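J.: Dropping the structure in here first, questions after.
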Amino acid sequence: MSAPQATRTTALHAGAWWLWALGLATAASRTTDPLLLGLLVGVAGYVVAARRTDAPWARSYGAFVKLGLVVIAIRLVFAFFLGSPIPGTHTLVTLPEVPLPDWAKGVRIGGRVTAEGMVFALYDGLKLATLLTCVGAANALANPARLLKSLPGALYEAGVAVVVAMTFAPNLVADVQRLRAARRLRGRPDRGIKALLQVGLPVLEGALERSVALAAAMDARGYGRSAQVPPAVRHTTSVLTLGGLLGVCAGTYGLLGDTGGGYGLPLLLAGLAAALAGLWLGGRRSVRSRYRPERWGARAWLVAGSGIAVAALMIWANDYAPAALHPPAVPLTAPVLPLWPAVSVLVGLLPAFVAPLPSSADRAGSGGASRGGRRASDAVPRTKEPTQ
């Protein structure tokens, strides 16, 4: 089916993008093959390039990719100077070793640097960088304000805090890009330490202005007000939510363990039911109105299902091809791209073809979200007066 233009009625649910990205991240956590990890990064990058808008949060994907490269570099530097637990026979260089006291046994600074240890550090850093890239893809594609509208009422206050935290980095990136462009127009350098220090103060000022605007919007819209709920309902809500979360944790542990398969699934389902009941009861304390609630349509199921399918297929691949997903560093061998796990990763490309296309209004007008901090208030839904 052809993808329609994104409108208020056809726009994809923000939760679908997060489920898709978390599915890719789960797949990345199940392998250390650099070729598969690179393929996951490529899949996420292609979908972001095909379906992101020009909103401030959509520009943060490049920052997450750069952060991933920094993580890889730091991991390699640590392995180079502090050594690696992986034994190796191919010595690259021998650094002067710093003598340490007896209480620091097991820790060394300097010494022999092996190729096996550096390769192991590269695989480890690349896995973490891929996880960051998947999170960056979700930040670039999912509108945080639309995601907040879909949260249960019991999680509304916590959701606002999470959304504010999620939008901080994208808005910061947008401010830095805007100020660097202004410096270039004035004929001033926009690269280097000196330029970064001169940009820092205006960025901090803009962050403070957005904070004040957001606080005023939250106060005007009645954030923090709650309805009067009987004590018995509050206690029941607390017991159901806490007990349900404990059941989910115990059931998950049983499913992951070797001997807990018999009780893991029933306990997990019972915990989920109790937690959902607690969230439903807790939502009675929230007195906010929903204007045009988000709809979860067939395309949202396809997008979320593609990410879940990638995760499930990669977990299954760990059973029939564990050696292909974890190339050894000792002995040194060239990584090989396994066929069926690679095909499984390509399932994650489905959102690039079925998700609605960004509308021209999103591409032309969403850039104004970073001007004056006015769009920061969009993350706070309106609340009604508490009922007595």
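Residues in the structure tokens are numbered from 1 in each chain, the chains being A, B, ... in the order shown, and ligands are numbered from 1 in the order shown.
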Using only C-alpha atoms, which residues sit within 12 Å of Gly307 in chain A once same-chain residues fewer than 4 positions away are excluded, as a PyMOL selection string?
T.: chain A and resi 15-28+40+43-44+47+134+138+300-303+311-314+344-351
J.: For a test of reading the model, state the distance in Å between CA of Leu357 in chain A and CA of Leu141 in chain A, rounded to one decimal.
T.: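 Between CA of Leu357 in chain A and CA of Leu141 in chain A the gap works out to 11.5 Å.
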J.: If I take CA of Ser84 in chain A and CA of Leu126 in chain A, how far is one from the other in Å, to one decimal?
T.: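 These atoms are spaced 16.1 Å apart.
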J.: Which residue, A:Ala329, A:Leu265, A:Arg30, A:Glu205, has the smallest gap to Ala250 in chain A when you use only C-alpha atoms?
T.: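 Under the stated criterion, the closest residue is A:Leu265.
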J.: Near Ser60 in chain A, counting only C-alpha atoms, which residues have an atom at most 12 Å away, once you skip same-chain residues fewer than 2 positions from it, shown as number ranges by chain?
T.: A: 48, 52-58, 62-67, 132-142, 166-177
J.: Please, could you write that set of residues out with C-alpha atoms as an mmCIF file, in the first residue's frame?
T.:
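Written out: out-v8.cif:
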```
data_model
loop_
_atom_site.group_PDB
_atom_site.id
_atom_site.type_symbol
_atom_site.label_atom_id
_atom_site.label_comp_id
_atom_site.auth_asym_id
_atom_site.auth_seq_id
_atom_site.Cartn_x
_atom_site.Cartn_y
_atom_site.Cartn_z
ATOM 1 C CA VAL A 48 15.145 8.642 9.466
ATOM 2 C CA ARG A 52 11.771 12.753 9.461
ATOM 3 C CA THR A 53 10.542 16.344 9.399
ATOM 4 C CA ASP A 54 12.404 19.610 9.973
ATOM 5 C CA ALA A 55 11.269 19.906 13.606
ATOM 6 C CA PRO A 56 13.953 20.551 16.247
ATOM 7 C CA TRP A 57 13.787 17.013 17.621
ATOM 8 C CA ALA A 58 14.257 15.620 14.103
ATOM 9 C CA GLY A 62 23.216 13.510 13.699
ATOM 10 C CA ALA A 63 24.154 14.445 17.261
ATOM 11 C CA PHE A 64 23.436 10.907 18.442
ATOM 12 C CA VAL A 65 25.560 9.476 15.624
ATOM 13 C CA LYS A 66 28.454 11.739 16.621
ATOM 14 C CA LEU A 67 27.962 10.733 20.249
ATOM 15 C CA LEU A 132 22.584 5.246 20.918
ATOM 16 C CA THR A 133 21.855 5.541 17.202
ATOM 17 C CA CYS A 134 18.583 3.630 17.574
ATOM 18 C CA VAL A 135 17.525 5.918 20.426
ATOM 19 C CA GLY A 136 18.474 8.904 18.253
ATOM 20 C CA ALA A 137 16.265 7.553 15.471
ATOM 21 C CA ALA A 138 13.289 7.415 17.834
ATOM 22 C CA ASN A 139 13.986 10.981 18.989
ATOM 23 C CA ALA A 140 14.166 12.164 15.380
ATOM 24 C CA LEU A 141 10.937 10.507 14.246
ATOM 25 C CA ALA A 142 8.565 10.627 17.245
ATOM 26 C CA MET A 166 13.800 14.407 25.777
ATOM 27 C CA THR A 167 13.279 17.763 24.080
ATOM 28 C CA PHE A 168 16.211 19.416 25.863
ATOM 29 C CA ALA A 169 18.915 17.875 23.677
ATOM 30 C CA PRO A 170 17.146 18.467 20.307
ATOM 31 C CA ASN A 171 16.424 22.106 21.174
ATOM 32 C CA LEU A 172 20.014 22.537 22.309
ATOM 33 C CA VAL A 173 21.258 21.150 18.989
ATOM 34 C CA ALA A 174 18.896 23.473 17.083
ATOM 35 C CA ASP A 175 20.169 26.491 19.036
ATOM 36 C CA VAL A 176 23.800 25.609 18.342
ATOM 37 C CA GLN A 177 23.090 25.217 14.618
#
```
J.: Residues within 9 Å of Leu36 in chain A, please, as a PyMOL selection string. Count only C-alpha atoms; anything in the same chain fewer than 5 positions from it doesn't count.
T.: chain A and resi 28+31+41+325+337-338+341-342+345
J.: Against range 71-80 of chain A, which residues of range 120-147 of chain A fall within 12 Å? For each one I want the closest pair of atoms and the distance in Å (one decimal), counting only C-alpha atoms, rows by chain and increasing residue number, as a tab-separated table.
T.:
```
residue	atom	partner	partner_atom	distance
A:Phe120	CA	A:Ala79	CA	9.0
A:Ala121	CA	A:Leu76	CA	5.8
A:Leu122	CA	A:Leu76	CA	6.4
A:Tyr123	CA	A:Ile72	CA	8.8
A:Asp124	CA	A:Arg75	CA	7.9
A:Gly125	CA	A:Ile72	CA	4.5
A:Leu126	CA	A:Ile72	CA	6.0
A:Lys127	CA	A:Ile72	CA	9.0
A:Leu128	CA	A:Val71	CA	7.5
A:Ala129	CA	A:Val71	CA	6.4
A:Thr130	CA	A:Ile72	CA	10.1
A:Leu131	CA	A:Val71	CA	11.1
A:Leu132	CA	A:Val71	CA	9.5
A:Thr133	CA	A:Val71	CA	11.4
```
J.: May I have the residues from that selection written out with N, CA, C and O atoms, as a PDB file, in the first residue's frame?
T.:
```
ATOM      1  N   PHE A 120      38.358  -6.414  20.389  1.00  0.00           N
ATOM      2  CA  PHE A 120      37.263  -6.636  21.345  1.00  0.00           C
ATOM      3  C   PHE A 120      36.676  -5.300  21.802  1.00  0.00           C
ATOM      4  O   PHE A 120      35.452  -5.159  21.919  1.00  0.00           O
ATOM      5  N   ALA A 121      37.529  -4.320  22.084  1.00  0.00           N
ATOM      6  CA  ALA A 121      37.043  -3.000  22.491  1.00  0.00           C
ATOM      7  C   ALA A 121      36.258  -2.326  21.368  1.00  0.00           C
ATOM      8  O   ALA A 121      35.263  -1.642  21.613  1.00  0.00           O
ATOM      9  N   LEU A 122      36.697  -2.508  20.128  1.00  0.00           N
ATOM     10  CA  LEU A 122      35.971  -1.935  18.990  1.00  0.00           C
ATOM     11  C   LEU A 122      34.584  -2.533  18.870  1.00  0.00           C
ATOM     12  O   LEU A 122      33.594  -1.815  18.668  1.00  0.00           O
ATOM     13  N   TYR A 123      34.468  -3.861  18.999  1.00  0.00           N
ATOM     14  CA  TYR A 123      33.153  -4.503  18.924  1.00  0.00           C
ATOM     15  C   TYR A 123      32.245  -4.022  20.055  1.00  0.00           C
ATOM     16  O   TYR A 123      31.053  -3.752  19.844  1.00  0.00           O
ATOM     17  N   ASP A 124      32.813  -3.912  21.254  1.00  0.00           N
ATOM     18  CA  ASP A 124      32.021  -3.487  22.401  1.00  0.00           C
ATOM     19  C   ASP A 124      31.539  -2.045  22.243  1.00  0.00           C
ATOM     20  O   ASP A 124      30.379  -1.721  22.508  1.00  0.00           O
ATOM     21  N   GLY A 125      32.425  -1.153  21.818  1.00  0.00           N
ATOM     22  CA  GLY A 125      32.035   0.236  21.608  1.00  0.00           C
ATOM     23  C   GLY A 125      31.042   0.405  20.478  1.00  0.00           C
ATOM     24  O   GLY A 125      30.138   1.246  20.546  1.00  0.00           O
ATOM     25  N   LEU A 126      31.190  -0.408  19.425  1.00  0.00           N
ATOM     26  CA  LEU A 126      30.260  -0.313  18.299  1.00  0.00           C
ATOM     27  C   LEU A 126      28.856  -0.743  18.695  1.00  0.00           C
ATOM     28  O   LEU A 126      27.868  -0.170  18.220  1.00  0.00           O
ATOM     29  N   LYS A 127      28.748  -1.724  19.593  1.00  0.00           N
ATOM     30  CA  LYS A 127      27.417  -2.131  20.061  1.00  0.00           C
ATOM     31  C   LYS A 127      26.729  -0.985  20.803  1.00  0.00           C
ATOM     32  O   LYS A 127      25.558  -0.677  20.547  1.00  0.00           O
ATOM     33  N   LEU A 128      27.456  -0.336  21.716  1.00  0.00           N
ATOM     34  CA  LEU A 128      26.869   0.778  22.457  1.00  0.00           C
ATOM     35  C   LEU A 128      26.535   1.942  21.527  1.00  0.00           C
ATOM     36  O   LEU A 128      25.493   2.603  21.684  1.00  0.00           O
ATOM     37  N   ALA A 129      27.394   2.205  20.542  1.00  0.00           N
ATOM     38  CA  ALA A 129      27.108   3.279  19.588  1.00  0.00           C
ATOM     39  C   ALA A 129      25.853   2.980  18.774  1.00  0.00           C
ATOM     40  O   ALA A 129      25.063   3.886  18.465  1.00  0.00           O
ATOM     41  N   THR A 130      25.627   1.715  18.432  1.00  0.00           N
ATOM     42  CA  THR A 130      24.422   1.344  17.693  1.00  0.00           C
ATOM     43  C   THR A 130      23.173   1.547  18.544  1.00  0.00           C
ATOM     44  O   THR A 130      22.134   2.008  18.051  1.00  0.00           O
ATOM     45  N   LEU A 131      23.260   1.217  19.836  1.00  0.00           N
ATOM     46  CA  LEU A 131      22.126   1.462  20.729  1.00  0.00           C
ATOM     47  C   LEU A 131      21.794   2.950  20.788  1.00  0.00           C
ATOM     48  O   LEU A 131      20.621   3.347  20.738  1.00  0.00           O
ATOM     49  N   LEU A 132      22.821   3.797  20.892  1.00  0.00           N
ATOM     50  CA  LEU A 132      22.584   5.246  20.918  1.00  0.00           C
ATOM     51  C   LEU A 132      21.968   5.721  19.605  1.00  0.00           C
ATOM     52  O   LEU A 132      21.104   6.602  19.593  1.00  0.00           O
ATOM     53  N   THR A 133      22.399   5.149  18.497  1.00  0.00           N
ATOM     54  CA  THR A 133      21.855   5.541  17.202  1.00  0.00           C
ATOM     55  C   THR A 133      20.378   5.179  17.090  1.00  0.00           C
ATOM     56  O   THR A 133      19.577   5.955  16.545  1.00  0.00           O
TER      57      THR A 133
END
```
J.: Can you measure CA of Val113 in chain A to CA of Val93 in chain A for me? One decimal in Å is fine.
T.: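 So the answer is 5.5 Å.
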J.: Based on DSSP run over this structure's backbone, return all residues of range 35-274 of chain A in strand (DSSP E), as a list of chain:residue names.
T.: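 Here is the list: A:Thr91, A:Leu92, A:Val93, A:Thr94, A:Leu95, A:Pro96, A:Glu97, A:Val98, A:Ile109, A:Gly110, A:Gly111, A:Arg112, A:Val113, A:Thr114.
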J.: Export, as a CSV table (one decimal), in the first residue's frame, the selected residues with C-alpha atoms.
T.:
```
chain,number,residue,atom,x,y,z
A,91,THR,CA,51.4,-7.2,20.2
A,92,LEU,CA,50.9,-3.8,18.6
A,93,VAL,CA,53.0,-1.7,21.0
A,94,THR,CA,54.3,-2.0,24.5
A,95,LEU,CA,53.7,1.1,26.6
A,96,PRO,CA,55.7,2.0,29.8
A,97,GLU,CA,53.7,0.4,32.7
A,98,VAL,CA,53.0,2.5,35.8
A,109,ILE,CA,48.1,1.5,33.3
A,110,GLY,CA,50.2,0.9,30.2
A,111,GLY,CA,51.9,-2.3,29.3
A,112,ARG,CA,51.3,-4.5,26.3
A,113,VAL,CA,48.6,-3.5,23.8
A,114,THR,CA,47.4,-6.4,21.7
```
